[in-house]
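**Student:** There's a structure below that I have some questions on.
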Amino acid sequence: MITVTPRSAPLPQEPRATAFRLRPAREEDAAALAALARPFVRSGALRERPLALYAARAADFLVAEAPGGSLEGCVGLREYPADAGEAGGPAGILYNFCVAGHRQGHGVGAGLLRATLARARARSLGALFTATTGDGGLFLRYGFTAAAARPAPRPWVQSLDPRRNARVLALTW
């Protein structure tokens, strides 16, 4: 009699996520930032911003760059002084947060958010705000909660378009 011990079938290998590095954006990244945002603008998730704004505010952005140099994601962090809102101290606004469709679900957004939260803490920002037309799941997993716009920096609150029906989220520490 021959006995055979069944072997477990090998588990399929997860496709390796393409590595990316996080770095501050540069003025010459403006066209790539606009291109990353374009699908989100078309869907209504983001407001359209002129290329000149991306160039002028490049220092606000952190980008996820693939080994070949393409930008896979970005997020802007705009800082406001204490007197710009009612949050009680300097505050930040996270804006234009987007990840290329083929990279969503692969940790790019989480990596960008973690690094941006670290930047905000290092700069002693007492609160962060963002507005989203989506479910905000990533923000909620990192401690953001639904909030009124009122305590956020006034210039940002005034720029919100009520027709977009965006939900304001905040994180304080």
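Chain labels follow the order of the structure tokens: the first chain is A, the next B, and so on; residue numbering restarts at 1 in every chain, and ligands are counted from 1 in their shown order.
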Let's see if you can do this: from backbone DSSP, list all helix (DSSP H, G or I) residues in range 21-167 of chain A, as number ranges by chain.
**Tutor:** A: 27-43, 51-56, 58-60, 82-84, 101-103, 108-122, 137-141, 154-159, 162-164
**Student:** Extract the full set of strand (DSSP E or B) residues from chain A according to DSSP on the backbone, and format it as a VMD selection string.
**Tutor:** chain A and resid 21 to 24 61 to 65 71 to 80 91 to 99 127 to 132 145 to 146 167 to 172
**Student:** Go ahead and save the picked residues with C-alpha atoms, as a PDB file, in the first residue's frame.
**Tutor:**
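Wrote selection-v8.pdb, looks like this:
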```
ATOM      1  CA  ARG A  21       9.460  57.399  -2.363  1.00  0.00           C
ATOM      2  CA  LEU A  22       7.917  60.399  -0.725  1.00  0.00           C
ATOM      3  CA  ARG A  23       9.425  63.788  -1.402  1.00  0.00           C
ATOM      4  CA  PRO A  24       8.427  67.444  -1.419  1.00  0.00           C
ATOM      5  CA  PHE A  61       2.756  69.312  -1.739  1.00  0.00           C
ATOM      6  CA  LEU A  62       4.215  66.002  -0.795  1.00  0.00           C
ATOM      7  CA  VAL A  63       4.382  63.518  -3.673  1.00  0.00           C
ATOM      8  CA  ALA A  64       4.792  59.765  -4.025  1.00  0.00           C
ATOM      9  CA  GLU A  65       7.261  59.120  -6.820  1.00  0.00           C
ATOM     10  CA  LEU A  71       4.132  60.757  -9.653  1.00  0.00           C
ATOM     11  CA  GLU A  72       1.734  58.206  -8.161  1.00  0.00           C
ATOM     12  CA  GLY A  73       0.038  60.454  -5.597  1.00  0.00           C
ATOM     13  CA  CYS A  74       0.091  63.828  -3.923  1.00  0.00           C
ATOM     14  CA  VAL A  75      -1.358  65.809  -1.068  1.00  0.00           C
ATOM     15  CA  GLY A  76      -1.173  69.509  -0.266  1.00  0.00           C
ATOM     16  CA  LEU A  77      -0.803  70.891   3.250  1.00  0.00           C
ATOM     17  CA  ARG A  78      -1.601  74.591   3.481  1.00  0.00           C
ATOM     18  CA  GLU A  79      -0.714  76.246   6.790  1.00  0.00           C
ATOM     19  CA  TYR A  80      -2.660  79.091   8.362  1.00  0.00           C
ATOM     20  CA  ALA A  91      -4.028  75.033  11.613  1.00  0.00           C
ATOM     21  CA  GLY A  92      -3.527  73.197   8.368  1.00  0.00           C
ATOM     22  CA  ILE A  93      -5.707  72.271   5.444  1.00  0.00           C
ATOM     23  CA  LEU A  94      -5.137  69.041   3.547  1.00  0.00           C
ATOM     24  CA  TYR A  95      -6.147  69.506  -0.060  1.00  0.00           C
ATOM     25  CA  ASN A  96      -5.840  68.003  -3.522  1.00  0.00           C
ATOM     26  CA  PHE A  97      -5.199  64.538  -2.044  1.00  0.00           C
ATOM     27  CA  CYS A  98      -5.133  62.076  -4.914  1.00  0.00           C
ATOM     28  CA  VAL A  99      -3.577  58.767  -5.843  1.00  0.00           C
ATOM     29  CA  ALA A 127      -5.594  71.082  13.952  1.00  0.00           C
ATOM     30  CA  LEU A 128      -5.945  69.754  10.441  1.00  0.00           C
ATOM     31  CA  PHE A 129      -9.026  70.117   8.262  1.00  0.00           C
ATOM     32  CA  THR A 130     -10.044  68.663   4.949  1.00  0.00           C
ATOM     33  CA  ALA A 131     -13.188  68.510   2.840  1.00  0.00           C
ATOM     34  CA  THR A 132     -14.202  65.391   0.964  1.00  0.00           C
ATOM     35  CA  THR A 145     -13.826  63.091  12.608  1.00  0.00           C
ATOM     36  CA  ALA A 146     -16.763  64.912  11.029  1.00  0.00           C
ATOM     37  CA  ARG A 167     -18.062  66.891   4.239  1.00  0.00           C
ATOM     38  CA  VAL A 168     -15.560  68.644   6.518  1.00  0.00           C
ATOM     39  CA  LEU A 169     -13.299  66.420   8.595  1.00  0.00           C
ATOM     40  CA  ALA A 170     -10.904  67.529  11.337  1.00  0.00           C
ATOM     41  CA  LEU A 171      -8.092  66.133  13.418  1.00  0.00           C
ATOM     42  CA  THR A 172      -6.804  67.823  16.532  1.00  0.00           C
TER      43      THR A 172
END
```
**Student:** Give me the residues near Leu53 in chain A as a PyMOL selection string, where near means some atom within 12 Å (using only C-alpha atoms) and where sequence neighbours in that chain fewer than 2 positions away do not count.
**Tutor:** chain A and resi 27+29-31+33-34+48-51+55-61+76+96
**Student:** Quick one: write out the picked residues with all heavy atoms as a short mmCIF file (atom, residue, chain, number, x, y, z; two decimals), in the first residue's frame?
**Tutor:**
```cif
data_model
loop_
_atom_site.label_atom_id
_atom_site.label_comp_id
_atom_site.auth_asym_id
_atom_site.auth_seq_id
_atom_site.Cartn_x
_atom_site.Cartn_y
_atom_site.Cartn_z
N GLU A 27 8.51 72.96 -8.20
CA GLU A 27 7.75 73.77 -9.16
C GLU A 27 7.60 73.03 -10.50
O GLU A 27 6.56 73.07 -11.12
CB GLU A 27 8.44 75.12 -9.36
CG GLU A 27 7.62 76.10 -10.14
CD GLU A 27 8.26 77.47 -10.21
OE1 GLU A 27 9.05 77.83 -9.31
OE2 GLU A 27 7.96 78.19 -11.17
N ASP A 29 7.11 70.06 -11.00
CA ASP A 29 6.13 68.98 -10.89
C ASP A 29 4.70 69.46 -11.18
O ASP A 29 3.77 68.65 -11.16
CB ASP A 29 6.14 68.37 -9.48
CG ASP A 29 7.42 67.62 -9.16
OD1 ASP A 29 7.98 66.98 -10.07
OD2 ASP A 29 7.85 67.69 -7.99
N ALA A 30 4.52 70.74 -11.44
CA ALA A 30 3.17 71.30 -11.58
C ALA A 30 2.33 70.55 -12.60
O ALA A 30 1.17 70.21 -12.32
CB ALA A 30 3.25 72.79 -11.92
N ALA A 31 2.86 70.25 -13.77
CA ALA A 31 2.07 69.57 -14.80
C ALA A 31 1.69 68.16 -14.34
O ALA A 31 0.57 67.70 -14.58
CB ALA A 31 2.84 69.52 -16.12
N LEU A 33 1.31 67.19 -11.22
CA LEU A 33 0.30 67.34 -10.17
C LEU A 33 -1.08 67.56 -10.79
O LEU A 33 -2.07 66.95 -10.38
CB LEU A 33 0.65 68.51 -9.24
CG LEU A 33 1.88 68.31 -8.35
CD1 LEU A 33 2.27 69.63 -7.69
CD2 LEU A 33 1.64 67.23 -7.32
N ALA A 34 -1.14 68.41 -11.80
CA ALA A 34 -2.40 68.67 -12.49
C ALA A 34 -2.91 67.40 -13.17
O ALA A 34 -4.11 67.11 -13.14
CB ALA A 34 -2.24 69.80 -13.50
N GLU A 48 -11.15 72.02 -9.99
CA GLU A 48 -10.07 72.27 -10.95
C GLU A 48 -9.21 73.42 -10.45
O GLU A 48 -9.72 74.42 -9.93
CB GLU A 48 -10.63 72.60 -12.33
CG GLU A 48 -9.56 72.66 -13.37
CD GLU A 48 -10.11 72.59 -14.78
OE1 GLU A 48 -11.33 72.72 -14.95
OE2 GLU A 48 -9.30 72.40 -15.70
N ARG A 49 -7.91 73.25 -10.57
CA ARG A 49 -6.97 74.28 -10.18
C ARG A 49 -6.07 74.57 -11.37
O ARG A 49 -5.66 73.65 -12.07
CB ARG A 49 -6.13 73.80 -8.99
CG ARG A 49 -6.93 73.65 -7.71
CD ARG A 49 -6.09 73.09 -6.56
NE ARG A 49 -6.82 73.17 -5.31
CZ ARG A 49 -7.67 72.27 -4.87
NH1 ARG A 49 -7.93 71.21 -5.59
NH2 ARG A 49 -8.28 72.42 -3.71
N PRO A 50 -5.74 75.84 -11.57
CA PRO A 50 -4.89 76.17 -12.71
C PRO A 50 -3.46 75.67 -12.50
O PRO A 50 -2.98 75.58 -11.36
CB PRO A 50 -4.95 77.70 -12.79
CG PRO A 50 -5.40 78.14 -11.45
CD PRO A 50 -6.19 77.01 -10.84
N LEU A 51 -2.79 75.38 -13.60
CA LEU A 51 -1.42 74.92 -13.56
C LEU A 51 -0.53 75.90 -12.78
O LEU A 51 0.33 75.48 -12.02
CB LEU A 51 -0.90 74.75 -15.00
CG LEU A 51 0.44 74.07 -15.16
CD1 LEU A 51 0.44 72.67 -14.59
CD2 LEU A 51 0.82 74.04 -16.63
N ALA A 55 2.18 75.29 -9.60
CA ALA A 55 3.58 75.75 -9.62
C ALA A 55 3.85 76.68 -8.45
O ALA A 55 4.87 76.55 -7.76
CB ALA A 55 3.87 76.46 -10.94
N ALA A 56 2.93 77.62 -8.19
CA ALA A 56 3.13 78.59 -7.11
C ALA A 56 3.09 77.95 -5.73
O ALA A 56 3.77 78.41 -4.81
CB ALA A 56 2.07 79.70 -7.21
N ARG A 57 2.30 76.90 -5.58
CA ARG A 57 2.14 76.25 -4.27
C ARG A 57 2.82 74.89 -4.20
O ARG A 57 2.46 74.05 -3.36
CB ARG A 57 0.67 76.12 -3.93
CG ARG A 57 0.02 77.47 -3.69
CD ARG A 57 -1.26 77.32 -2.96
NE ARG A 57 -1.86 78.60 -2.70
CZ ARG A 57 -3.15 78.78 -2.53
NH1 ARG A 57 -3.96 77.75 -2.57
NH2 ARG A 57 -3.63 79.98 -2.29
N ALA A 58 3.78 74.64 -5.04
CA ALA A 58 4.47 73.35 -5.06
C ALA A 58 5.01 72.99 -3.67
O ALA A 58 4.98 71.82 -3.28
CB ALA A 58 5.59 73.34 -6.09
N ALA A 59 5.46 73.97 -2.91
CA ALA A 59 6.02 73.71 -1.58
C ALA A 59 4.98 73.15 -0.61
O ALA A 59 5.35 72.53 0.38
CB ALA A 59 6.63 74.99 -1.01
N ASP A 60 3.69 73.31 -0.91
CA ASP A 60 2.63 72.73 -0.07
C ASP A 60 2.55 71.22 -0.23
O ASP A 60 2.02 70.53 0.63
CB ASP A 60 1.25 73.27 -0.47
CG ASP A 60 0.97 74.69 -0.03
OD1 ASP A 60 1.84 75.31 0.62
OD2 ASP A 60 -0.13 75.19 -0.36
N PHE A 61 3.03 70.69 -1.35
CA PHE A 61 2.76 69.31 -1.74
C PHE A 61 3.85 68.33 -1.35
O PHE A 61 5.03 68.62 -1.43
CB PHE A 61 2.54 69.21 -3.25
CG PHE A 61 1.20 69.72 -3.69
CD1 PHE A 61 1.03 71.04 -4.02
CD2 PHE A 61 0.10 68.87 -3.73
CE1 PHE A 61 -0.21 71.53 -4.41
CE2 PHE A 61 -1.14 69.35 -4.11
CZ PHE A 61 -1.29 70.69 -4.46
N GLY A 76 -1.61 68.18 -0.66
CA GLY A 76 -1.17 69.51 -0.27
C GLY A 76 -1.49 69.76 1.20
O GLY A 76 -2.51 69.29 1.71
N ASN A 96 -6.29 68.62 -2.27
CA ASN A 96 -5.84 68.00 -3.52
C ASN A 96 -5.16 66.65 -3.27
O ASN A 96 -4.13 66.34 -3.86
CB ASN A 96 -4.91 68.95 -4.27
CG ASN A 96 -4.99 68.74 -5.77
OD1 ASN A 96 -5.77 69.38 -6.44
ND2 ASN A 96 -4.19 67.83 -6.29
#
```
**Student:** Mind giving me the straight-line distance from CA of Leu112 in chain A to CA of Phe20 in chain A in Å, one decimal?
**Tutor:**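 CA of Phe20 in chain A lies 10.5 Å from CA of Leu112 in chain A.
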